[in-house]
>>> print(open('my_file_17.txt').read())   # compact mmCIF, N, CA and C atoms
# COMPACT_ATOMS: atom_id res chain seq x y z
N MET H 9 -47.25 -31.33 -26.76
CA MET H 9 -46.97 -30.69 -25.50
C MET H 9 -45.84 -29.69 -25.71
N GLY H 10 -46.14 -28.46 -25.55
CA GLY H 10 -45.16 -27.39 -25.74
C GLY H 10 -44.68 -26.86 -24.41
N SER H 11 -43.82 -25.90 -24.48
CA SER H 11 -43.28 -25.28 -23.27
C SER H 11 -43.90 -23.91 -23.08
N SER H 12 -45.22 -23.86 -23.15
CA SER H 12 -45.89 -22.57 -23.03
C SER H 12 -46.23 -22.24 -21.59
N GLY H 13 -45.79 -23.05 -20.64
CA GLY H 13 -46.08 -22.80 -19.23
C GLY H 13 -45.16 -21.75 -18.67
N PRO H 14 -45.30 -21.52 -17.35
CA PRO H 14 -44.46 -20.50 -16.73
C PRO H 14 -42.98 -20.85 -16.75
N GLY H 15 -42.66 -22.15 -16.77
CA GLY H 15 -41.25 -22.54 -16.81
C GLY H 15 -40.61 -22.17 -18.12
N GLY H 16 -41.34 -22.23 -19.21
CA GLY H 16 -40.80 -21.88 -20.51
C GLY H 16 -40.49 -20.41 -20.63
N GLU H 17 -41.34 -19.57 -20.03
CA GLU H 17 -41.11 -18.13 -20.09
C GLU H 17 -39.89 -17.73 -19.27
N SER H 18 -39.72 -18.31 -18.09
CA SER H 18 -38.56 -17.93 -17.27
C SER H 18 -37.28 -18.44 -17.91
N GLY H 19 -37.37 -19.59 -18.59
CA GLY H 19 -36.19 -20.09 -19.29
C GLY H 19 -35.75 -19.15 -20.40
N SER H 20 -36.72 -18.58 -21.11
CA SER H 20 -36.36 -17.66 -22.18
C SER H 20 -35.85 -16.33 -21.63
N ARG H 21 -36.36 -15.93 -20.46
CA ARG H 21 -35.86 -14.70 -19.84
C ARG H 21 -34.39 -14.85 -19.46
N PHE H 22 -34.06 -16.02 -18.90
CA PHE H 22 -32.66 -16.25 -18.53
C PHE H 22 -31.77 -16.34 -19.75
N SER H 23 -32.25 -16.96 -20.81
CA SER H 23 -31.42 -17.04 -22.02
C SER H 23 -31.26 -15.66 -22.65
N ASP H 24 -32.31 -14.83 -22.60
CA ASP H 24 -32.19 -13.46 -23.10
C ASP H 24 -31.19 -12.66 -22.27
N LEU H 25 -31.27 -12.82 -20.95
CA LEU H 25 -30.35 -12.12 -20.06
C LEU H 25 -28.91 -12.58 -20.33
N PHE H 26 -28.74 -13.89 -20.49
CA PHE H 26 -27.40 -14.42 -20.77
C PHE H 26 -26.88 -13.90 -22.10
N ARG H 27 -27.72 -13.82 -23.10
CA ARG H 27 -27.33 -13.31 -24.41
C ARG H 27 -26.95 -11.84 -24.32
N ASP H 28 -27.73 -11.06 -23.54
CA ASP H 28 -27.41 -9.63 -23.38
C ASP H 28 -26.09 -9.43 -22.65
N LEU H 29 -25.84 -10.24 -21.62
CA LEU H 29 -24.57 -10.14 -20.90
C LEU H 29 -23.40 -10.53 -21.79
N ARG H 30 -23.59 -11.56 -22.62
CA ARG H 30 -22.53 -11.98 -23.53
C ARG H 30 -22.24 -10.88 -24.54
N GLU H 31 -23.26 -10.21 -25.05
CA GLU H 31 -23.05 -9.10 -25.99
C GLU H 31 -22.34 -7.93 -25.32
N LEU H 32 -22.68 -7.66 -24.05
CA LEU H 32 -22.02 -6.59 -23.32
C LEU H 32 -20.54 -6.88 -23.13
N VAL H 33 -20.22 -8.12 -22.74
CA VAL H 33 -18.82 -8.49 -22.56
C VAL H 33 -18.09 -8.45 -23.89
N HIS H 34 -18.75 -8.86 -24.96
CA HIS H 34 -18.13 -8.85 -26.28
C HIS H 34 -17.83 -7.42 -26.75
N MET H 35 -18.65 -6.46 -26.34
CA MET H 35 -18.38 -5.06 -26.68
C MET H 35 -17.11 -4.56 -26.03
N LEU H 36 -16.73 -5.12 -24.86
CA LEU H 36 -15.54 -4.68 -24.15
C LEU H 36 -14.26 -5.32 -24.68
N TYR H 37 -14.38 -6.33 -25.53
CA TYR H 37 -13.20 -6.98 -26.09
C TYR H 37 -12.43 -6.01 -26.98
N ILE H 38 -11.14 -6.18 -26.99
CA ILE H 38 -10.30 -5.45 -27.92
C ILE H 38 -10.08 -6.36 -29.12
N GLU H 39 -10.55 -5.94 -30.27
CA GLU H 39 -10.47 -6.79 -31.47
C GLU H 39 -9.05 -6.89 -31.99
N THR H 40 -8.37 -5.77 -32.11
CA THR H 40 -7.00 -5.78 -32.61
C THR H 40 -6.09 -5.18 -31.55
N VAL H 41 -5.04 -5.89 -31.24
CA VAL H 41 -4.07 -5.45 -30.26
C VAL H 41 -2.87 -4.92 -31.01
N PRO H 42 -2.35 -3.73 -30.64
CA PRO H 42 -1.17 -3.22 -31.32
C PRO H 42 0.03 -4.13 -31.08
N SER H 43 1.07 -3.95 -31.86
CA SER H 43 2.25 -4.83 -31.77
C SER H 43 2.90 -4.76 -30.39
N TYR H 44 2.81 -3.62 -29.74
CA TYR H 44 3.42 -3.48 -28.41
C TYR H 44 2.47 -3.93 -27.29
N GLY H 45 1.30 -4.43 -27.64
CA GLY H 45 0.29 -4.79 -26.65
C GLY H 45 0.62 -5.98 -25.79
N ASN H 46 1.57 -6.81 -26.20
CA ASN H 46 1.93 -7.98 -25.40
C ASN H 46 3.12 -7.73 -24.50
N SER H 47 3.58 -6.52 -24.40
CA SER H 47 4.72 -6.24 -23.54
C SER H 47 4.25 -5.97 -22.11
N PHE H 48 5.18 -6.16 -21.19
CA PHE H 48 4.88 -5.91 -19.78
C PHE H 48 4.53 -4.44 -19.56
N TRP H 49 5.22 -3.54 -20.22
CA TRP H 49 5.05 -2.11 -20.00
C TRP H 49 3.67 -1.63 -20.43
N PHE H 50 3.09 -2.25 -21.45
CA PHE H 50 1.77 -1.87 -21.91
C PHE H 50 0.69 -2.31 -20.92
N GLN H 51 0.96 -3.38 -20.18
CA GLN H 51 -0.05 -3.97 -19.31
C GLN H 51 0.06 -3.54 -17.85
N VAL H 52 0.94 -2.61 -17.54
CA VAL H 52 1.13 -2.19 -16.15
C VAL H 52 -0.16 -1.61 -15.57
N GLY H 53 -0.92 -0.87 -16.37
CA GLY H 53 -2.18 -0.32 -15.88
C GLY H 53 -3.17 -1.39 -15.45
N PHE H 54 -3.20 -2.52 -16.18
CA PHE H 54 -4.06 -3.64 -15.80
C PHE H 54 -3.60 -4.25 -14.49
N TYR H 55 -2.29 -4.40 -14.31
CA TYR H 55 -1.76 -4.94 -13.06
C TYR H 55 -2.13 -4.03 -11.89
N VAL H 56 -2.11 -2.73 -12.10
CA VAL H 56 -2.51 -1.79 -11.06
C VAL H 56 -3.99 -1.99 -10.70
N MET H 57 -4.83 -2.20 -11.71
CA MET H 57 -6.26 -2.43 -11.43
C MET H 57 -6.48 -3.73 -10.67
N VAL H 58 -5.75 -4.78 -11.01
CA VAL H 58 -5.89 -6.06 -10.31
C VAL H 58 -5.42 -5.91 -8.86
N LEU H 59 -4.32 -5.22 -8.65
CA LEU H 59 -3.85 -4.99 -7.29
C LEU H 59 -4.83 -4.14 -6.50
N GLY H 60 -5.48 -3.17 -7.15
CA GLY H 60 -6.50 -2.37 -6.47
C GLY H 60 -7.67 -3.23 -6.02
N ALA H 61 -8.08 -4.18 -6.85
CA ALA H 61 -9.17 -5.08 -6.46
C ALA H 61 -8.73 -5.98 -5.30
N LEU H 62 -7.49 -6.49 -5.36
CA LEU H 62 -6.97 -7.32 -4.27
C LEU H 62 -6.90 -6.53 -2.97
N LEU H 63 -6.48 -5.28 -3.05
CA LEU H 63 -6.42 -4.43 -1.87
C LEU H 63 -7.82 -4.15 -1.31
N ALA H 64 -8.79 -3.98 -2.19
CA ALA H 64 -10.16 -3.76 -1.72
C ALA H 64 -10.69 -4.98 -0.97
N VAL H 65 -10.41 -6.17 -1.49
CA VAL H 65 -10.90 -7.39 -0.83
C VAL H 65 -10.20 -7.62 0.50
N THR H 66 -8.86 -7.55 0.50
CA THR H 66 -8.15 -7.78 1.76
C THR H 66 -8.42 -6.67 2.76
N GLY H 67 -8.58 -5.45 2.29
CA GLY H 67 -8.91 -4.35 3.20
C GLY H 67 -10.28 -4.51 3.82
N ALA H 68 -11.25 -4.99 3.04
CA ALA H 68 -12.59 -5.22 3.58
C ALA H 68 -12.56 -6.34 4.62
N ILE H 69 -11.78 -7.39 4.37
CA ILE H 69 -11.66 -8.48 5.34
C ILE H 69 -11.04 -7.96 6.63
N MET H 70 -9.97 -7.18 6.50
CA MET H 70 -9.30 -6.65 7.69
C MET H 70 -10.20 -5.67 8.44
N MET H 71 -10.97 -4.88 7.71
CA MET H 71 -11.88 -3.94 8.36
C MET H 71 -12.98 -4.68 9.12
N PHE H 72 -13.44 -5.80 8.55
CA PHE H 72 -14.52 -6.56 9.18
C PHE H 72 -14.05 -7.20 10.49
N PHE H 73 -12.83 -7.77 10.50
CA PHE H 73 -12.36 -8.50 11.69
C PHE H 73 -11.63 -7.62 12.70
N GLY H 74 -11.09 -6.49 12.29
CA GLY H 74 -10.50 -5.56 13.23
C GLY H 74 -9.02 -5.77 13.47
N PRO H 75 -8.38 -4.79 14.15
CA PRO H 75 -6.92 -4.83 14.32
C PRO H 75 -6.43 -5.95 15.23
N TYR H 76 -7.22 -6.36 16.20
CA TYR H 76 -6.76 -7.46 17.06
C TYR H 76 -6.56 -8.72 16.22
N TRP H 77 -7.46 -8.95 15.26
CA TRP H 77 -7.38 -10.14 14.42
C TRP H 77 -6.14 -10.11 13.54
N TRP H 78 -5.88 -8.96 12.87
CA TRP H 78 -4.77 -8.96 11.93
C TRP H 78 -3.42 -8.82 12.61
N ASN H 79 -3.40 -8.46 13.91
CA ASN H 79 -2.13 -8.38 14.62
C ASN H 79 -1.78 -9.63 15.41
N TYR H 80 -2.79 -10.42 15.80
CA TYR H 80 -2.51 -11.52 16.72
C TYR H 80 -2.97 -12.89 16.26
N SER H 81 -3.63 -13.03 15.13
CA SER H 81 -3.98 -14.37 14.64
C SER H 81 -3.16 -14.67 13.40
N VAL H 82 -2.92 -15.94 13.17
CA VAL H 82 -2.09 -16.34 12.04
C VAL H 82 -2.77 -15.98 10.72
N ALA H 83 -4.05 -16.27 10.60
CA ALA H 83 -4.78 -15.94 9.37
C ALA H 83 -4.82 -14.43 9.16
N GLY H 84 -5.00 -13.68 10.24
CA GLY H 84 -5.03 -12.23 10.13
C GLY H 84 -3.69 -11.65 9.69
N MET H 85 -2.61 -12.21 10.23
CA MET H 85 -1.29 -11.74 9.82
C MET H 85 -1.02 -12.07 8.36
N TYR H 86 -1.51 -13.23 7.91
CA TYR H 86 -1.34 -13.61 6.51
C TYR H 86 -2.08 -12.63 5.61
N VAL H 87 -3.34 -12.33 5.92
CA VAL H 87 -4.12 -11.38 5.12
C VAL H 87 -3.47 -9.99 5.19
N SER H 88 -2.99 -9.63 6.36
CA SER H 88 -2.34 -8.33 6.53
C SER H 88 -1.08 -8.22 5.67
N GLN H 89 -0.30 -9.28 5.61
CA GLN H 89 0.91 -9.25 4.79
C GLN H 89 0.59 -9.23 3.30
N ILE H 90 -0.45 -9.95 2.89
CA ILE H 90 -0.88 -9.86 1.48
C ILE H 90 -1.28 -8.42 1.16
N HIS H 91 -2.03 -7.81 2.07
CA HIS H 91 -2.46 -6.43 1.87
C HIS H 91 -1.26 -5.48 1.82
N PHE H 92 -0.33 -5.66 2.74
CA PHE H 92 0.85 -4.80 2.80
C PHE H 92 1.69 -4.90 1.53
N TRP H 93 1.99 -6.12 1.09
CA TRP H 93 2.85 -6.27 -0.08
C TRP H 93 2.13 -5.89 -1.36
N ALA H 94 0.83 -6.08 -1.41
CA ALA H 94 0.07 -5.61 -2.58
C ALA H 94 0.11 -4.09 -2.65
N ALA H 95 0.05 -3.42 -1.50
CA ALA H 95 0.13 -1.96 -1.48
C ALA H 95 1.52 -1.49 -1.92
N GLU H 96 2.57 -2.19 -1.46
CA GLU H 96 3.93 -1.84 -1.87
C GLU H 96 4.09 -1.97 -3.39
N ILE H 97 3.62 -3.09 -3.93
CA ILE H 97 3.74 -3.33 -5.36
C ILE H 97 2.89 -2.33 -6.15
N LEU H 98 1.70 -2.01 -5.62
CA LEU H 98 0.82 -1.06 -6.30
C LEU H 98 1.49 0.31 -6.43
N VAL H 99 2.07 0.80 -5.37
CA VAL H 99 2.70 2.12 -5.42
C VAL H 99 3.90 2.09 -6.37
N THR H 100 4.67 1.01 -6.33
CA THR H 100 5.80 0.89 -7.26
C THR H 100 5.32 0.87 -8.71
N LEU H 101 4.27 0.07 -8.99
CA LEU H 101 3.77 -0.01 -10.36
C LEU H 101 3.10 1.28 -10.80
N LEU H 102 2.55 2.04 -9.86
CA LEU H 102 2.00 3.34 -10.23
C LEU H 102 3.08 4.27 -10.76
N PHE H 103 4.23 4.26 -10.11
CA PHE H 103 5.33 5.10 -10.59
C PHE H 103 5.90 4.57 -11.90
N VAL H 104 5.94 3.24 -12.07
CA VAL H 104 6.37 2.66 -13.35
C VAL H 104 5.39 3.06 -14.45
N HIS H 105 4.10 2.97 -14.15
CA HIS H 105 3.06 3.35 -15.11
C HIS H 105 3.18 4.82 -15.49
N MET H 106 3.44 5.65 -14.49
CA MET H 106 3.60 7.08 -14.76
C MET H 106 4.83 7.33 -15.63
N PHE H 107 5.93 6.64 -15.36
CA PHE H 107 7.15 6.80 -16.16
C PHE H 107 6.91 6.35 -17.60
N VAL H 108 6.23 5.21 -17.78
CA VAL H 108 5.95 4.72 -19.14
C VAL H 108 5.08 5.70 -19.90
N ASN H 109 4.06 6.25 -19.24
CA ASN H 109 3.18 7.21 -19.91
C ASN H 109 3.90 8.50 -20.26
N PHE H 110 4.79 8.96 -19.39
CA PHE H 110 5.55 10.16 -19.71
C PHE H 110 6.57 9.91 -20.81
N SER H 111 7.21 8.75 -20.79
CA SER H 111 8.24 8.49 -21.79
C SER H 111 7.66 8.21 -23.17
N THR H 112 6.44 7.71 -23.25
CA THR H 112 5.81 7.47 -24.56
C THR H 112 4.85 8.58 -24.96
N LYS H 113 4.74 9.60 -24.12
CA LYS H 113 3.83 10.73 -24.35
C LYS H 113 2.38 10.29 -24.54
N ALA H 114 1.99 9.25 -23.81
CA ALA H 114 0.61 8.75 -23.90
C ALA H 114 -0.37 9.71 -23.24
N TYR H 115 0.11 10.58 -22.37
CA TYR H 115 -0.76 11.53 -21.67
C TYR H 115 -1.28 12.61 -22.61
N SER H 116 -0.64 12.80 -23.76
CA SER H 116 -1.04 13.89 -24.65
C SER H 116 -2.29 13.57 -25.48
N LYS H 117 -2.71 12.30 -25.50
CA LYS H 117 -3.88 11.93 -26.30
C LYS H 117 -5.17 12.42 -25.66
N ARG H 118 -5.28 12.27 -24.36
CA ARG H 118 -6.47 12.76 -23.65
C ARG H 118 -6.02 13.61 -22.49
N LYS H 119 -6.34 14.87 -22.56
CA LYS H 119 -5.85 15.82 -21.56
C LYS H 119 -6.52 15.63 -20.20
N ASP H 120 -7.76 15.12 -20.18
CA ASP H 120 -8.45 14.99 -18.91
C ASP H 120 -8.00 13.76 -18.12
N MET H 121 -7.41 12.78 -18.77
CA MET H 121 -7.04 11.55 -18.09
C MET H 121 -5.85 11.74 -17.15
N TRP H 122 -4.91 12.60 -17.51
CA TRP H 122 -3.77 12.77 -16.62
C TRP H 122 -4.17 13.51 -15.35
N VAL H 123 -5.19 14.37 -15.44
CA VAL H 123 -5.69 15.03 -14.23
C VAL H 123 -6.30 14.01 -13.29
N LEU H 124 -7.10 13.09 -13.85
CA LEU H 124 -7.67 12.01 -13.06
C LEU H 124 -6.57 11.14 -12.46
N GLY H 125 -5.53 10.87 -13.23
CA GLY H 125 -4.41 10.07 -12.74
C GLY H 125 -3.68 10.74 -11.60
N VAL H 126 -3.48 12.05 -11.68
CA VAL H 126 -2.80 12.77 -10.61
C VAL H 126 -3.65 12.76 -9.33
N VAL H 127 -4.95 12.93 -9.47
CA VAL H 127 -5.84 12.88 -8.30
C VAL H 127 -5.81 11.49 -7.68
N MET H 128 -5.86 10.46 -8.52
CA MET H 128 -5.81 9.10 -8.00
C MET H 128 -4.47 8.80 -7.34
N LEU H 129 -3.37 9.29 -7.92
CA LEU H 129 -2.06 9.10 -7.31
C LEU H 129 -2.00 9.76 -5.94
N PHE H 130 -2.52 10.97 -5.83
CA PHE H 130 -2.55 11.66 -4.54
C PHE H 130 -3.35 10.86 -3.50
N LEU H 131 -4.51 10.35 -3.90
CA LEU H 131 -5.34 9.58 -2.97
C LEU H 131 -4.67 8.27 -2.56
N VAL H 132 -4.01 7.61 -3.52
CA VAL H 132 -3.32 6.35 -3.20
C VAL H 132 -2.17 6.62 -2.23
N LEU H 133 -1.39 7.66 -2.47
CA LEU H 133 -0.27 7.96 -1.57
C LEU H 133 -0.76 8.38 -0.18
N LEU H 134 -1.89 9.07 -0.12
CA LEU H 134 -2.47 9.44 1.17
C LEU H 134 -2.94 8.20 1.93
N GLN H 135 -3.63 7.30 1.24
CA GLN H 135 -4.07 6.06 1.88
C GLN H 135 -2.88 5.20 2.29
N TYR H 136 -1.86 5.18 1.47
CA TYR H 136 -0.65 4.41 1.76
C TYR H 136 0.02 4.93 3.04
N ALA H 137 0.13 6.25 3.16
CA ALA H 137 0.76 6.84 4.34
C ALA H 137 -0.03 6.53 5.61
N PHE H 138 -1.35 6.60 5.54
CA PHE H 138 -2.15 6.29 6.73
C PHE H 138 -2.21 4.79 6.98
N GLY H 139 -2.13 3.98 5.92
CA GLY H 139 -2.17 2.53 6.10
C GLY H 139 -0.92 1.99 6.75
N VAL H 140 0.23 2.61 6.48
CA VAL H 140 1.48 2.17 7.11
C VAL H 140 1.39 2.37 8.62
N GLY H 141 0.65 3.36 9.05
CA GLY H 141 0.51 3.62 10.48
C GLY H 141 -0.26 2.56 11.23
N LEU H 142 -0.97 1.71 10.54
CA LEU H 142 -1.76 0.66 11.20
C LEU H 142 -0.96 -0.61 11.47
N ASN H 143 0.31 -0.66 11.08
CA ASN H 143 1.09 -1.88 11.23
C ASN H 143 1.58 -2.14 12.65
N ASN H 144 1.61 -1.14 13.51
CA ASN H 144 2.11 -1.27 14.89
C ASN H 144 3.55 -1.77 14.92
N ASN H 145 4.42 -1.16 14.12
CA ASN H 145 5.82 -1.53 14.13
C ASN H 145 6.67 -0.26 14.08
N VAL H 146 7.99 -0.44 13.93
CA VAL H 146 8.90 0.69 13.95
C VAL H 146 8.64 1.63 12.76
N VAL H 147 8.36 1.07 11.59
CA VAL H 147 8.10 1.90 10.42
C VAL H 147 6.87 2.76 10.66
N ALA H 148 5.85 2.18 11.28
CA ALA H 148 4.63 2.94 11.56
C ALA H 148 4.91 4.05 12.58
N GLN H 149 5.77 3.78 13.53
CA GLN H 149 6.07 4.78 14.55
C GLN H 149 6.78 5.99 13.96
N TYR H 150 7.68 5.78 13.03
CA TYR H 150 8.45 6.89 12.49
C TYR H 150 7.91 7.41 11.17
N ASN H 151 6.78 6.90 10.71
CA ASN H 151 6.17 7.41 9.50
C ASN H 151 5.49 8.69 9.85
>>> encode(input="my_file_17.txt", output="structure tokens")
Amino acid sequence: MGSSGPGGESGSRFSDLFRDLRELVHMLYIETVPSYGNSFWFQVGFYVMVLGALLAVTGAIMMFFGPYWWNYSVAGMYVSQIHFWAAEILVTLLFVHMFVNFSTKAYSKRKDMWVLGVVMLFLVLLQYAFGVGLNNNVVAQYN
């Protein structure tokens, strides 16, 4: 009795898919890390990406439930504060990242990347300025 039935074929499809995904993830691994790779300053760009993902999730939650929820419910205020402080830390780390790249001249390796970085910085600061206005507080009033 072999596994030549339909269940055997779908099992092999899933194992092939799993193997392909594992190979894809393995391609993204960094095999050798430079000596400075374990420092905080080298990893600031990764922290910015993680904060961007956190901001996307909390922003989507806040967008789904609306301003009444994030201003007047306890859970909404909690999500709103996570979103607010993640945005504060993101903007701070963006400037730290920019300082590290300028001080190590990392921008000179790829000329097109700094243009993308400047555009992204402009968009983040624009979103930050409009996002502060949604807080309904004194800072939002005078921003």
>>> closest_atom_pairs(input="my_file_17.txt", of="region 14-63 of chain H", to="region 114-134 of chain H", cutoff="12 Å", atoms="only C-alpha atoms", output="tab-separated table")
residue	atom	partner	partner_atom	distance
H:Phe50	CA	H:Ala114	CA	10.9
H:Gly53	CA	H:Gly125	CA	11.1
H:Val56	CA	H:Val132	CA	11.3
H:Gly60	CA	H:Val132	CA	9.8
H:Leu63	CA	H:Val132	CA	11.3
>>> closest_residue(input="my_file_17.txt", among="H:Ser20, H:Thr66, H:Ser111, H:Asn46", to="Gln89 (chain H)", atoms="only C-alpha atoms")
H:Thr66
>>> atom_distance(input="my_file_17.txt", atom1="atom N of Ile97 (chain H)", atom2="CA of Tyr136 (chain H)")
10.3 Å
>>> atom_distance(input="my_file_17.txt", atom1="CA of Gln51 (chain H)", atom2="CA of Met106 (chain H)")
12.5 Å
>>> closest_residue(input="my_file_17.txt", among="H:Ala137, H:Met70, H:Ala64, H:His105", to="Ser88 (chain H)", atoms="all atoms listed in the file")
H:Met70
>>> atom_distance(input="my_file_17.txt", atom1="CA of Asn79 (chain H)", atom2="CA of Asn145 (chain H)")
10.5 Å
>>> closest_residue(input="my_file_17.txt", among="H:Val65, H:Val52, H:Val58, H:Leu29", to="His91 (chain H)", atoms="all atoms listed in the file")
H:Val65
>>> axis_aligned_box(input="my_file_17.txt", around="region 69-76 of chain H", padding_each_side="5 Å", output="JSON")
{"center_x": -10.5, "center_y": -6.3, "center_z": 10.7, "size_x": 18.1, "size_y": 14.8, "size_z": 22.7}
>>> decode(input="my_file_17.txt", residues="region 78-97 of chain H", atoms="N, CA, C and O atoms", output="short mmCIF file (atom, residue, chain, number, x, y, z; two decimals), in the first residue's frame")
data_model
loop_
_atom_site.label_atom_id
_atom_site.label_comp_id
_atom_site.auth_asym_id
_atom_site.auth_seq_id
_atom_site.Cartn_x
_atom_site.Cartn_y
_atom_site.Cartn_z
N TRP H 78 -10.15 55.93 20.03
CA TRP H 78 -8.81 56.15 20.57
C TRP H 78 -8.74 57.34 21.52
O TRP H 78 -7.78 57.50 22.26
N ASN H 79 -9.80 58.18 21.54
CA ASN H 79 -9.80 59.30 22.48
C ASN H 79 -10.55 59.01 23.78
O ASN H 79 -10.28 59.65 24.79
N TYR H 80 -11.50 58.06 23.75
CA TYR H 80 -12.37 57.90 24.91
C TYR H 80 -12.44 56.50 25.49
O TYR H 80 -13.09 56.30 26.50
N SER H 81 -11.79 55.51 24.91
CA SER H 81 -11.77 54.18 25.53
C SER H 81 -10.37 53.89 26.03
O SER H 81 -9.38 54.40 25.50
N VAL H 82 -10.29 53.06 27.05
CA VAL H 82 -8.99 52.76 27.65
C VAL H 82 -8.11 52.01 26.66
O VAL H 82 -6.92 52.34 26.49
N ALA H 83 -8.65 51.01 25.99
CA ALA H 83 -7.86 50.26 25.01
C ALA H 83 -7.42 51.16 23.86
O ALA H 83 -6.29 51.07 23.38
N GLY H 84 -8.31 52.06 23.42
CA GLY H 84 -7.96 52.97 22.35
C GLY H 84 -6.86 53.94 22.74
O GLY H 84 -5.96 54.23 21.95
N MET H 85 -6.92 54.44 23.98
CA MET H 85 -5.87 55.34 24.44
C MET H 85 -4.54 54.60 24.55
O MET H 85 -3.48 55.18 24.26
N TYR H 86 -4.58 53.33 24.95
CA TYR H 86 -3.36 52.54 25.04
C TYR H 86 -2.75 52.36 23.65
O TYR H 86 -1.54 52.59 23.48
N VAL H 87 -3.55 51.98 22.66
CA VAL H 87 -3.05 51.81 21.30
C VAL H 87 -2.56 53.15 20.75
O VAL H 87 -1.52 53.23 20.08
N SER H 88 -3.28 54.21 21.06
CA SER H 88 -2.89 55.54 20.61
C SER H 88 -1.54 55.95 21.19
O SER H 88 -0.71 56.54 20.48
N GLN H 89 -1.31 55.65 22.45
CA GLN H 89 -0.04 56.01 23.07
C GLN H 89 1.11 55.17 22.53
O GLN H 89 2.22 55.67 22.35
N ILE H 90 0.85 53.89 22.25
CA ILE H 90 1.89 53.06 21.61
C ILE H 90 2.24 53.65 20.25
O ILE H 90 3.41 53.78 19.89
N HIS H 91 1.22 54.05 19.51
CA HIS H 91 1.43 54.64 18.19
C HIS H 91 2.21 55.95 18.30
O HIS H 91 3.15 56.20 17.54
N PHE H 92 1.82 56.79 19.25
CA PHE H 92 2.46 58.09 19.44
C PHE H 92 3.94 57.93 19.80
O PHE H 92 4.81 58.56 19.19
N TRP H 93 4.24 57.07 20.78
CA TRP H 93 5.63 56.94 21.21
C TRP H 93 6.47 56.20 20.19
O TRP H 93 7.67 56.47 20.05
N ALA H 94 5.87 55.30 19.45
CA ALA H 94 6.61 54.64 18.36
C ALA H 94 6.97 55.66 17.29
O ALA H 94 8.07 55.61 16.73
N ALA H 95 6.07 56.60 17.01
CA ALA H 95 6.35 57.65 16.03
C ALA H 95 7.46 58.57 16.53
O ALA H 95 8.35 58.97 15.76
N GLU H 96 7.43 58.92 17.82
CA GLU H 96 8.49 59.76 18.40
C GLU H 96 9.85 59.07 18.28
O GLU H 96 10.84 59.69 17.87
N ILE H 97 9.89 57.79 18.65
CA ILE H 97 11.15 57.06 18.60
C ILE H 97 11.61 56.88 17.16
O ILE H 97 12.81 56.96 16.85
#
